[in-house]
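Asker: What follows is entry-v8.cif; its format and atoms are mmCIF, C-alpha atoms and all ligand atoms.
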```cif
data_query
loop_
_atom_site.group_PDB
_atom_site.id
_atom_site.type_symbol
_atom_site.label_atom_id
_atom_site.label_comp_id
_atom_site.auth_asym_id
_atom_site.auth_seq_id
_atom_site.Cartn_x
_atom_site.Cartn_y
_atom_site.Cartn_z
ATOM 1 C CA MET I 1 9.303 0.623 21.701
ATOM 2 C CA ALA I 2 7.685 3.272 19.525
ATOM 3 C CA GLU I 3 6.548 2.159 16.089
ATOM 4 C CA ARG I 4 8.814 3.181 13.237
ATOM 5 C CA VAL I 5 7.629 6.117 11.201
ATOM 6 C CA LYS I 6 5.891 5.078 7.974
ATOM 7 C CA LEU I 7 5.777 7.227 4.852
ATOM 8 C CA HIS I 8 3.044 6.665 2.289
ATOM 9 C CA TYR I 9 3.836 8.214 -1.080
ATOM 10 C CA PHE I 10 5.216 7.494 -4.520
ATOM 11 C CA ASN I 11 8.731 6.196 -5.050
ATOM 12 C CA GLY I 12 9.827 9.709 -5.904
ATOM 13 C CA ARG I 13 10.510 13.122 -4.479
ATOM 14 C CA GLY I 14 7.351 15.194 -4.802
ATOM 15 C CA LYS I 15 5.969 16.642 -1.623
ATOM 16 C CA MET I 16 7.378 13.837 0.518
ATOM 17 C CA GLU I 17 11.027 14.654 -0.166
ATOM 18 C CA SER I 18 11.209 17.523 2.336
ATOM 19 C CA ILE I 19 9.739 15.197 4.965
ATOM 20 C CA ARG I 20 12.432 12.621 4.172
ATOM 21 C CA TRP I 21 15.070 15.350 4.552
ATOM 22 C CA LEU I 22 13.698 16.562 7.866
ATOM 23 C CA LEU I 23 13.349 13.101 9.394
ATOM 24 C CA THR I 24 16.910 12.369 8.314
ATOM 25 C CA VAL I 25 18.279 15.485 10.009
ATOM 26 C CA ALA I 26 16.176 14.679 13.093
ATOM 27 C CA GLY I 27 17.834 11.242 13.168
ATOM 28 C CA VAL I 28 14.525 9.404 12.773
ATOM 29 C CA GLU I 29 14.471 6.081 10.932
ATOM 30 C CA PHE I 30 11.529 5.557 8.611
ATOM 31 C CA ASP I 31 10.011 2.954 6.335
ATOM 32 C CA GLU I 32 8.445 3.741 2.987
ATOM 33 C CA PHE I 33 5.282 2.363 1.421
ATOM 34 C CA HIS I 34 5.155 3.279 -2.234
ATOM 35 C CA LEU I 35 1.991 3.851 -4.192
ATOM 36 C CA THR I 36 2.468 2.043 -7.480
ATOM 37 C CA ASN I 37 -1.106 1.560 -8.654
ATOM 38 C CA ARG I 38 -4.583 3.037 -8.294
ATOM 39 C CA GLU I 39 -5.905 0.095 -6.265
ATOM 40 C CA GLN I 40 -3.500 0.912 -3.420
ATOM 41 C CA TYR I 41 -4.699 4.506 -3.415
ATOM 42 C CA LEU I 42 -8.372 3.454 -3.482
ATOM 43 C CA LYS I 43 -7.686 1.131 -0.557
ATOM 44 C CA MET I 44 -6.197 3.981 1.468
ATOM 45 C CA LEU I 45 -9.260 6.088 0.658
ATOM 46 C CA ASN I 46 -11.538 3.220 1.578
ATOM 47 C CA ASP I 47 -9.723 2.677 4.861
ATOM 48 C CA GLY I 48 -10.250 6.361 5.708
ATOM 49 C CA ASP I 49 -6.498 7.012 5.855
ATOM 50 C CA LEU I 50 -6.471 10.173 3.729
ATOM 51 C CA MET I 51 -8.499 13.014 5.240
ATOM 52 C CA PHE I 52 -8.508 15.084 2.039
ATOM 53 C CA GLN I 53 -7.919 12.158 -0.339
ATOM 54 C CA GLN I 54 -4.316 13.264 -0.819
ATOM 55 C CA VAL I 55 -0.836 12.042 -0.030
ATOM 56 C CA PRO I 56 1.755 12.521 1.521
ATOM 57 C CA MET I 57 0.548 10.572 4.551
ATOM 58 C CA VAL I 58 2.851 9.818 7.457
ATOM 59 C CA GLU I 59 2.171 7.394 10.300
ATOM 60 C CA ILE I 60 3.891 8.675 13.404
ATOM 61 C CA ASP I 61 3.181 8.434 17.143
ATOM 62 C CA GLY I 62 -0.058 6.529 16.559
ATOM 63 C CA MET I 63 -1.419 9.147 14.130
ATOM 64 C CA LYS I 64 -1.967 9.203 10.399
ATOM 65 C CA LEU I 65 -0.893 12.693 9.426
ATOM 66 C CA ILE I 66 -1.603 14.420 6.136
ATOM 67 C CA GLN I 67 -0.788 17.911 4.769
ATOM 68 C CA THR I 68 2.927 18.371 4.147
ATOM 69 C CA LYS I 69 3.338 21.569 6.167
ATOM 70 C CA ALA I 70 1.493 20.150 9.168
ATOM 71 C CA ILE I 71 3.716 17.087 9.027
ATOM 72 C CA LEU I 72 6.905 19.155 8.719
ATOM 73 C CA ASN I 73 5.820 21.346 11.632
ATOM 74 C CA TYR I 74 5.087 18.332 13.833
ATOM 75 C CA ILE I 75 8.515 16.838 13.151
ATOM 76 C CA ALA I 76 10.216 20.213 13.609
ATOM 77 C CA GLU I 77 8.469 20.761 16.953
ATOM 78 C CA LYS I 78 9.116 17.282 18.200
ATOM 79 C CA TYR I 79 12.804 17.237 17.297
ATOM 80 C CA ASN I 80 13.647 20.778 18.301
ATOM 81 C CA LEU I 81 14.100 22.063 14.762
ATOM 82 C CA HIS I 82 11.702 24.984 15.113
ATOM 83 C CA GLY I 83 13.717 27.687 16.886
ATOM 84 C CA ASN I 84 13.782 28.914 20.444
ATOM 85 C CA ASP I 85 10.498 30.825 20.766
ATOM 86 C CA ILE I 86 7.425 31.934 18.811
ATOM 87 C CA LYS I 87 9.285 34.797 17.156
ATOM 88 C CA ASP I 88 11.905 32.377 15.866
ATOM 89 C CA ARG I 89 9.141 30.073 14.773
ATOM 90 C CA VAL I 90 7.294 32.632 12.687
ATOM 91 C CA LYS I 91 10.548 33.592 10.939
ATOM 92 C CA ILE I 92 11.355 29.950 10.316
ATOM 93 C CA ASN I 93 7.855 29.517 8.870
ATOM 94 C CA MET I 94 8.279 32.558 6.618
ATOM 95 C CA TYR I 95 11.539 31.239 5.179
ATOM 96 C CA SER I 96 10.088 27.746 4.889
ATOM 97 C CA GLU I 97 6.977 28.914 3.055
ATOM 98 C CA GLY I 98 9.072 30.857 0.557
ATOM 99 C CA LEU I 99 11.291 27.861 -0.053
ATOM 100 C CA MET I 100 8.298 25.576 -0.504
ATOM 101 C CA ASP I 101 6.771 28.009 -3.022
ATOM 102 C CA LEU I 102 9.997 27.890 -5.025
ATOM 103 C CA MET I 103 10.437 24.123 -4.774
ATOM 104 C CA GLU I 104 6.814 23.603 -5.801
ATOM 105 C CA MET I 105 7.499 25.418 -9.080
ATOM 106 C CA ILE I 106 10.268 22.914 -9.811
ATOM 107 C CA MET I 107 8.266 19.956 -8.539
ATOM 108 C CA ILE I 108 5.450 20.385 -11.061
ATOM 109 C CA LEU I 109 7.769 20.739 -14.082
ATOM 110 C CA PRO I 110 7.527 17.068 -15.098
ATOM 111 C CA PHE I 111 3.751 17.505 -15.333
ATOM 112 C CA SER I 112 4.011 20.781 -17.247
ATOM 113 C CA GLN I 113 4.167 22.121 -20.786
ATOM 114 C CA ASN I 114 6.118 25.116 -22.113
ATOM 115 C CA LEU I 115 9.179 24.004 -20.175
ATOM 116 C CA THR I 116 11.624 26.540 -21.564
ATOM 117 C CA THR I 117 9.507 29.507 -20.526
ATOM 118 C CA LYS I 118 8.784 27.931 -17.153
ATOM 119 C CA LEU I 119 12.460 27.260 -16.480
ATOM 120 C CA GLU I 120 13.399 30.821 -17.394
ATOM 121 C CA ASN I 121 10.754 32.139 -15.047
ATOM 122 C CA ILE I 122 11.888 29.913 -12.170
ATOM 123 C CA GLN I 123 15.525 30.855 -12.676
ATOM 124 C CA ALA I 124 14.669 34.553 -12.686
ATOM 125 C CA LYS I 125 12.550 34.235 -9.539
ATOM 126 C CA ALA I 126 15.251 32.212 -7.796
ATOM 127 C CA LYS I 127 17.934 34.782 -8.603
ATOM 128 C CA GLU I 128 15.927 37.936 -8.079
ATOM 129 C CA ARG I 129 13.380 37.079 -5.420
ATOM 130 C CA TYR I 130 14.523 34.144 -3.287
ATOM 131 C CA LEU I 131 18.293 33.659 -3.234
ATOM 132 C CA PRO I 132 19.084 37.311 -2.355
ATOM 133 C CA VAL I 133 17.043 36.927 0.849
ATOM 134 C CA PHE I 134 19.067 33.925 1.984
ATOM 135 C CA GLU I 135 22.357 35.430 0.820
ATOM 136 C CA GLU I 136 21.731 38.463 3.010
ATOM 137 C CA GLN I 137 20.583 36.525 6.051
ATOM 138 C CA LEU I 138 23.557 34.139 5.883
ATOM 139 C CA LYS I 139 26.057 36.992 5.627
ATOM 140 C CA GLU I 140 26.476 37.065 9.392
ATOM 141 C CA HIS I 141 24.719 33.892 10.481
ATOM 142 C CA LEU I 142 25.605 30.224 10.222
ATOM 143 C CA PHE I 143 21.940 29.252 10.247
ATOM 144 C CA LEU I 144 18.858 31.152 9.126
ATOM 145 C CA VAL I 145 17.196 31.649 12.519
ATOM 146 C CA GLY I 146 18.101 31.398 16.187
ATOM 147 C CA GLY I 147 21.746 30.396 15.803
ATOM 148 C CA ARG I 148 21.006 26.738 15.314
ATOM 149 C CA ILE I 149 19.679 24.391 12.684
ATOM 150 C CA SER I 150 15.946 24.479 11.948
ATOM 151 C CA VAL I 151 13.530 23.141 9.381
ATOM 152 C CA ALA I 152 14.143 26.301 7.312
ATOM 153 C CA ASP I 153 17.845 25.388 6.943
ATOM 154 C CA VAL I 154 16.937 21.857 5.909
ATOM 155 C CA LEU I 155 14.529 23.161 3.260
ATOM 156 C CA LEU I 156 17.098 25.672 2.031
ATOM 157 C CA MET I 157 19.648 22.884 1.648
ATOM 158 C CA GLU I 158 17.179 20.762 -0.317
ATOM 159 C CA CYS I 159 16.201 23.752 -2.444
ATOM 160 C CA THR I 160 19.770 24.772 -3.324
ATOM 161 C CA LEU I 161 20.480 21.264 -4.594
ATOM 162 C CA MET I 162 17.279 21.266 -6.665
ATOM 163 C CA LEU I 163 18.203 24.625 -8.155
ATOM 164 C CA GLU I 164 21.706 23.476 -9.072
ATOM 165 C CA GLU I 165 20.317 20.389 -10.780
ATOM 166 C CA LYS I 166 18.253 22.642 -13.048
ATOM 167 C CA PHE I 167 20.589 25.632 -13.317
ATOM 168 C CA ALA I 168 24.235 24.635 -12.933
ATOM 169 C CA GLY I 169 26.286 27.412 -11.372
ATOM 170 C CA ILE I 170 23.260 29.363 -10.149
ATOM 171 C CA LEU I 171 24.905 29.861 -6.744
ATOM 172 C CA ALA I 172 28.006 31.522 -8.221
ATOM 173 C CA ASP I 173 26.644 34.955 -7.299
ATOM 174 C CA PHE I 174 25.453 33.760 -3.895
ATOM 175 C CA ARG I 175 28.627 32.902 -2.021
ATOM 176 C CA ASN I 176 27.086 32.805 1.432
ATOM 177 C CA VAL I 177 24.407 30.409 0.292
ATOM 178 C CA LYS I 178 27.055 28.241 -1.361
ATOM 179 C CA SER I 179 29.127 28.170 1.859
ATOM 180 C CA PHE I 180 25.997 27.318 3.826
ATOM 181 C CA GLN I 181 25.394 24.415 1.447
ATOM 182 C CA GLY I 182 28.942 23.199 2.068
ATOM 183 C CA ARG I 183 28.501 23.421 5.865
ATOM 184 C CA MET I 184 25.196 21.584 5.733
ATOM 185 C CA SER I 185 26.660 18.838 3.557
ATOM 186 C CA ARG I 186 29.198 18.156 6.315
ATOM 187 C CA ASN I 187 26.400 17.489 8.824
ATOM 188 C CA GLU I 188 26.752 13.761 9.546
ATOM 189 C CA ALA I 189 23.150 12.784 8.769
ATOM 190 C CA ILE I 190 23.033 14.957 5.648
ATOM 191 C CA SER I 191 26.342 13.690 4.370
ATOM 192 C CA ARG I 192 25.014 10.107 4.615
ATOM 193 C CA PHE I 193 21.744 11.166 2.953
ATOM 194 C CA LEU I 194 23.693 12.592 0.025
ATOM 195 C CA GLN I 195 25.479 9.288 -0.592
ATOM 196 C CA PRO I 196 24.143 6.880 -3.227
ATOM 197 C CA GLY I 197 21.893 4.211 -1.745
ATOM 198 C CA SER I 198 20.289 6.519 0.828
ATOM 199 C CA LYS I 199 16.551 7.191 1.015
ATOM 200 C CA ARG I 200 16.987 10.402 -0.953
ATOM 201 C CA LYS I 201 15.066 10.149 -4.217
ATOM 202 C CA PRO I 202 16.464 10.924 -7.671
ATOM 203 C CA GLN I 203 15.019 13.529 -9.997
ATOM 204 C CA PRO I 204 11.619 12.512 -11.353
ATOM 205 C CA ASP I 205 11.667 10.295 -14.430
ATOM 206 C CA ASP I 206 9.001 9.054 -16.849
ATOM 207 C CA VAL I 207 8.090 6.091 -14.640
ATOM 208 C CA TYR I 208 7.385 8.420 -11.711
ATOM 209 C CA VAL I 209 5.229 10.729 -13.832
ATOM 210 C CA LYS I 210 3.327 7.809 -15.373
ATOM 211 C CA THR I 211 2.685 6.256 -11.951
ATOM 212 C CA VAL I 212 1.360 9.509 -10.466
ATOM 213 C CA LYS I 213 -0.961 9.985 -13.425
ATOM 214 C CA GLU I 214 -2.221 6.413 -13.230
ATOM 215 C CA VAL I 215 -2.797 6.482 -9.476
ATOM 216 C CA PHE I 216 -4.834 9.683 -9.671
ATOM 217 C CA ASN I 217 -6.469 8.918 -13.009
ATOM 218 C CA LEU I 218 -4.992 12.121 -14.380
ATOM 219 C CA ASN I 219 -4.766 13.215 -17.926
ATOM 220 C CA ILE I 220 -3.869 16.810 -17.356
ATOM 221 C CA SER I 221 -0.744 18.837 -17.540
ATOM 222 C CA PHE I 222 -0.116 22.295 -16.145
ATOM 223 C CA GLN I 223 -0.071 24.907 -18.920
HETATM 224 O O1 LIG I 301 0.809 19.824 0.935
HETATM 225 C C1 LIG I 301 -0.037 18.935 0.975
HETATM 226 O O2 LIG I 301 0.180 17.828 1.479
HETATM 227 C C2 LIG I 301 -1.410 19.217 0.366
HETATM 228 N N1 LIG I 301 -1.724 20.613 0.538
HETATM 229 C C3 LIG I 301 -1.438 18.875 -1.095
HETATM 230 C C4 LIG I 301 -1.114 17.435 -1.319
HETATM 231 C C5 LIG I 301 -1.283 17.031 -2.765
HETATM 232 O O3 LIG I 301 -1.541 17.845 -3.635
HETATM 233 N N2 LIG I 301 -1.092 15.733 -3.025
HETATM 234 C C6 LIG I 301 -1.246 15.188 -4.347
HETATM 235 C C7 LIG I 301 -0.108 14.266 -4.652
HETATM 236 S S1 LIG I 301 1.431 14.981 -4.363
HETATM 237 N N3 LIG I 301 1.597 16.130 -5.493
HETATM 238 O O4 LIG I 301 1.305 17.170 -5.603
HETATM 239 C C8 LIG I 301 -2.510 14.362 -4.325
HETATM 240 O O5 LIG I 301 -2.699 13.533 -3.454
HETATM 241 N N4 LIG I 301 -3.369 14.582 -5.316
HETATM 242 C C9 LIG I 301 -4.579 13.813 -5.456
HETATM 243 C C10 LIG I 301 -5.806 14.686 -5.431
HETATM 244 O O6 LIG I 301 -6.877 14.151 -5.725
HETATM 245 O O7 LIG I 301 -5.684 15.878 -5.074
#
```
How would this structure read if it were set down as structure tokens?
Ligand code: GSN
Answerer:
Amino acid sequence: MAERVKLHYFNGRGKMESIRWLLTVAGVEFDEFHLTNREQYLKMLNDGDLMFQQVPMVEIDGMKLIQTKAILNYIAEKYNLHGNDIKDRVKINMYSEGLMDLMEMIMILPFSQNLTTKLENIQAKAKERYLPVFEEQLKEHLFLVGGRISVADVLLMECTLMLEEKFAGILADFRNVKSFQGRMSRNEAISRFLQPGSKRKPQPDDVYVKTVKEVFNLNISFQ
């Protein structure tokens, strides 16, 4: 029997959360190994497990994979969540990259200063740059690309929930995106993932931020 997939990251969302989402939709069970102190990180470095000294790291199919996008692409390819051909795939990647850019802005907030300005900027970008693209594409399509679910849909679902946590009602002007979110939440695996007690992580709290800073010996914050 194949080894279970192992995720190495903090006990929080960060860059691993999209991987958790995608594995869930792919129907893949996984175990988590949480970094809670610097010694664990130094051990991983010492063992040669982290090619660029960074997490997320995912053990899958006898490999130790790093780089979030590479990991997402591997899972998407393996579980048929990457469209029907290379033209689908490049579109899926375009949507996915945009969504990851937007989610990254939200992800670094707990490590940032000038929160009010940052939040205003993210909200404006979401409303003016990103959401209109998805609203238009979903006008006549159930899924973003190729008529069936792909990694881009999974990232869009994750992103819409993140946006609503920060900006309640932000989808009011994006009815197609809101309907999409409703459809996705009725997907069996997603509906379980959205229930309390699942492997979905909560919004970052002080413990998460403190742990990340300790593990990486960080004393910085993003301006
Ligand atoms: O997407 C990726 O996996 C990489 N391009 C970046 C991964 C990364 O930045 N990992 C951080 C922790 S997760 N938060 O952003 C990391 O391991 N930082 C330690 C370091 O020394 O860079």
Asker: Which is closer to ligand LIG 301 (chain I) than all the others in I:Gln181, I:Gln137, I:Gln53, I:Asn114, using all atoms listed in the file?
Answerer: I:Gln53
Asker: Got a sec to resolve the PyMOL selection byres (((chain I and resi 25-40) around 7) and not hetatm) on this structure and send the residues as a PyMOL selection string?
Answerer: chain I and resi 4-11+21-24+41-44+79+189-190+211+214-216
Asker: Under the PyMOL selection byres (((chain I and resi 139) around 12) and not hetatm), which residues of this model are included? Write them out as a PDB file with C-alpha atoms, in the coordinates of the input.
Answerer:
```pdb
ATOM      1  CA  PRO I 132      19.084  37.311  -2.355  1.00  0.00           C
ATOM      2  CA  VAL I 133      17.043  36.927   0.849  1.00  0.00           C
ATOM      3  CA  PHE I 134      19.067  33.925   1.984  1.00  0.00           C
ATOM      4  CA  GLU I 135      22.357  35.430   0.820  1.00  0.00           C
ATOM      5  CA  GLU I 136      21.731  38.463   3.010  1.00  0.00           C
ATOM      6  CA  GLN I 137      20.583  36.525   6.051  1.00  0.00           C
ATOM      7  CA  LEU I 138      23.557  34.139   5.883  1.00  0.00           C
ATOM      8  CA  GLU I 140      26.476  37.065   9.392  1.00  0.00           C
ATOM      9  CA  HIS I 141      24.719  33.892  10.481  1.00  0.00           C
ATOM     10  CA  LEU I 142      25.605  30.224  10.222  1.00  0.00           C
ATOM     11  CA  PHE I 143      21.940  29.252  10.247  1.00  0.00           C
ATOM     12  CA  LEU I 144      18.858  31.152   9.126  1.00  0.00           C
ATOM     13  CA  PHE I 174      25.453  33.760  -3.895  1.00  0.00           C
ATOM     14  CA  ARG I 175      28.627  32.902  -2.021  1.00  0.00           C
ATOM     15  CA  ASN I 176      27.086  32.805   1.432  1.00  0.00           C
ATOM     16  CA  VAL I 177      24.407  30.409   0.292  1.00  0.00           C
ATOM     17  CA  LYS I 178      27.055  28.241  -1.361  1.00  0.00           C
ATOM     18  CA  SER I 179      29.127  28.170   1.859  1.00  0.00           C
ATOM     19  CA  PHE I 180      25.997  27.318   3.826  1.00  0.00           C
TER      20      PHE I 180
END
```
Asker: Output the neighbourhood of ligand LIG 301 (chain I) as an mmCIF file with C-alpha atoms, keeping the file's coordinate frame, that is, all protein and nucleic acid residues with some atom at most 7 Å from the ligand, counting all atoms listed in the file.
Answerer:
```cif
data_model
loop_
_atom_site.group_PDB
_atom_site.id
_atom_site.type_symbol
_atom_site.label_atom_id
_atom_site.label_comp_id
_atom_site.auth_asym_id
_atom_site.auth_seq_id
_atom_site.Cartn_x
_atom_site.Cartn_y
_atom_site.Cartn_z
ATOM 1 C CA GLY I 14 7.351 15.194 -4.802
ATOM 2 C CA LYS I 15 5.969 16.642 -1.623
ATOM 3 C CA GLN I 53 -7.919 12.158 -0.339
ATOM 4 C CA GLN I 54 -4.316 13.264 -0.819
ATOM 5 C CA VAL I 55 -0.836 12.042 -0.030
ATOM 6 C CA PRO I 56 1.755 12.521 1.521
ATOM 7 C CA ILE I 66 -1.603 14.420 6.136
ATOM 8 C CA GLN I 67 -0.788 17.911 4.769
ATOM 9 C CA THR I 68 2.927 18.371 4.147
ATOM 10 C CA LYS I 69 3.338 21.569 6.167
ATOM 11 C CA PHE I 216 -4.834 9.683 -9.671
#
```
Asker: Please build the interface table for segment 164-208 of chain I against segment 101-108 of chain I with a cut-off of 10 Å, listing for each qualifying residue the nearest atom pair and the distance in Å to one decimal; count all atoms listed in the file, order rows by chain and increasing number, and write it as CSV.
Answerer:
```
residue,atom,partner,partner_atom,distance
I:Lys166,CA,I:Ile106,CA,8.6
I:Gln203,CA,I:Met107,CA,9.4
I:Pro204,CA,I:Met107,CA,8.6
```
Asker: Draw an axis-aligned box tight on the listed atoms of segment 205-218 of chain I, then pad every side by 5 Å and write out centre and edge lengths in Å to one decimal as AutoDock Vina command-line options.
Answerer:
```
--center_x 2.6 --center_y 9.1 --center_z -13.2 --size_x 28.1 --size_y 16.0 --size_z 17.4
```
Asker: Which one of I:Arg148, I:Arg200, I:Arg192, I:Lys125 sits closest to Leu161 of chain I if you count only C-alpha atoms?
Answerer: I:Arg200
Asker: Give as a list in words the residues that the PyMOL selection byres (((chain I and resi 167) around 12) and not hetatm) matches when applied to the coordinates above.
Answerer: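 Evaluating the PyMOL selection byres (((chain I and resi 167) around 12) and not hetatm) on these coordinates yields Ile106, Leu119, Glu120, Asn121, Ile122, Gln123, Ala124, Ala126, Lys127, Cys159, Thr160, Leu161, Met162, Leu163, Glu164, Glu165, Lys166, Ala168, Gly169, Ile170, Leu171 and Ala172 of chain I.
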Asker: So, counting all atoms listed in the file, which residue among I:Leu109, I:Val145, I:Leu194, I:Ile75 is closest to Val209 of chain I?
Answerer: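 Nearest to Val209 of chain I: I:Leu109.
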Asker: How many Å lie between atom CA of Ile86 of chain I and atom CA of Gly146 of chain I, rounded to one decimal?
Answerer: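 One can read the atom CA of Ile86 of chain I to atom CA of Gly146 of chain I distance as 11.0 Å.
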Asker: Rank I:Ile60, I:Ile71, I:Ile149, I:Leu45 by their smallest atom-to-atom distance to Met16 of chain I, using all atoms listed in the file, and report the top residue only.
Answerer: I:Ile71
Asker: If you measure from atom CA of Arg13 of chain I to atom CA of Val154 of chain I, what distance in Å do you get, rounded to one decimal?
Answerer: 15.0 Å
Asker: Have a look at atom CA of Lys87 of chain I and atom CA of Glu128 of chain I and let me know their distance in Å, one decimal.
Answerer: 26.3 Å
Asker: Which residue is closest to Ala152 of chain I? Choose from I:Lys91, I:Lys64, I:Lys210, I:Arg20 and count all atoms listed in the file.
Answerer: I:Lys91
Asker: Please determine, counting all atoms listed in the file, which residue among I:Arg129, I:Met157, I:Pro110, I:Met100 has the shortest atom-to-atom distance to Arg183 of chain I.
Answerer: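 Of I:Arg129, I:Met157, I:Pro110, I:Met100, the one nearest Arg183 of chain I, counting all atoms listed in the file, is I:Met157.
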Asker: Near Ile92 of chain I, counting all atoms listed in the file, which residues have an atom at most 9 Å away, once you skip same-chain residues fewer than 2 positions from it, shown as a ChimeraX atom specification?
Answerer: /I:82-83,87-90,94-97,144-145,150-153
Asker: Could you give me segment 101-108 of chain I completed to all heavy atoms, formatted as a compact mmCIF listing (two decimals), in the frame of the given file?
Answerer:
```
# COMPACT_ATOMS: atom_id res chain seq x y z
N ASP I 101 7.33 27.42 -1.79
CA ASP I 101 6.77 28.01 -3.02
C ASP I 101 7.73 27.79 -4.20
O ASP I 101 7.32 27.42 -5.31
CB ASP I 101 6.55 29.52 -2.85
CG ASP I 101 5.36 29.84 -1.95
OD1 ASP I 101 4.57 28.94 -1.63
OD2 ASP I 101 5.23 31.03 -1.55
N LEU I 102 9.00 28.04 -3.95
CA LEU I 102 10.00 27.89 -5.03
C LEU I 102 10.16 26.42 -5.43
O LEU I 102 10.17 26.09 -6.62
CB LEU I 102 11.34 28.49 -4.55
CG LEU I 102 12.53 28.40 -5.49
CD1 LEU I 102 12.24 28.97 -6.88
CD2 LEU I 102 13.75 29.14 -4.88
N MET I 103 10.25 25.54 -4.44
CA MET I 103 10.44 24.12 -4.77
C MET I 103 9.22 23.57 -5.50
O MET I 103 9.36 22.71 -6.38
CB MET I 103 10.75 23.31 -3.51
CG MET I 103 12.17 23.53 -3.02
SD MET I 103 12.71 22.34 -1.80
CE MET I 103 11.98 23.01 -0.33
N GLU I 104 8.04 24.06 -5.13
CA GLU I 104 6.81 23.60 -5.80
C GLU I 104 6.86 23.90 -7.30
O GLU I 104 6.43 23.09 -8.13
CB GLU I 104 5.60 24.29 -5.16
CG GLU I 104 4.31 23.97 -5.84
CD GLU I 104 3.33 23.24 -4.92
OE1 GLU I 104 3.74 22.81 -3.83
OE2 GLU I 104 2.19 23.09 -5.32
N MET I 105 7.41 25.07 -7.66
CA MET I 105 7.50 25.42 -9.08
C MET I 105 8.34 24.39 -9.83
O MET I 105 8.07 24.04 -10.98
CB MET I 105 8.16 26.79 -9.25
CG MET I 105 7.35 27.96 -8.76
SD MET I 105 8.32 29.48 -9.09
CE MET I 105 7.97 30.42 -7.64
N ILE I 106 9.40 23.91 -9.17
CA ILE I 106 10.27 22.91 -9.81
C ILE I 106 9.59 21.54 -9.82
O ILE I 106 9.67 20.79 -10.79
CB ILE I 106 11.64 22.85 -9.09
CG1 ILE I 106 12.32 24.21 -9.17
CG2 ILE I 106 12.52 21.74 -9.67
CD1 ILE I 106 13.62 24.32 -8.41
N MET I 107 8.89 21.27 -8.73
CA MET I 107 8.27 19.96 -8.54
C MET I 107 7.24 19.64 -9.63
O MET I 107 7.09 18.50 -10.04
CB MET I 107 7.54 20.01 -7.19
CG MET I 107 7.46 18.74 -6.43
SD MET I 107 6.56 19.07 -4.88
CE MET I 107 7.75 19.95 -3.92
N ILE I 108 6.52 20.68 -10.09
CA ILE I 108 5.45 20.39 -11.06
C ILE I 108 5.95 20.37 -12.52
O ILE I 108 5.20 20.04 -13.43
CB ILE I 108 4.23 21.34 -10.92
CG1 ILE I 108 4.60 22.79 -11.24
CG2 ILE I 108 3.60 21.24 -9.54
CD1 ILE I 108 3.37 23.68 -11.35
```
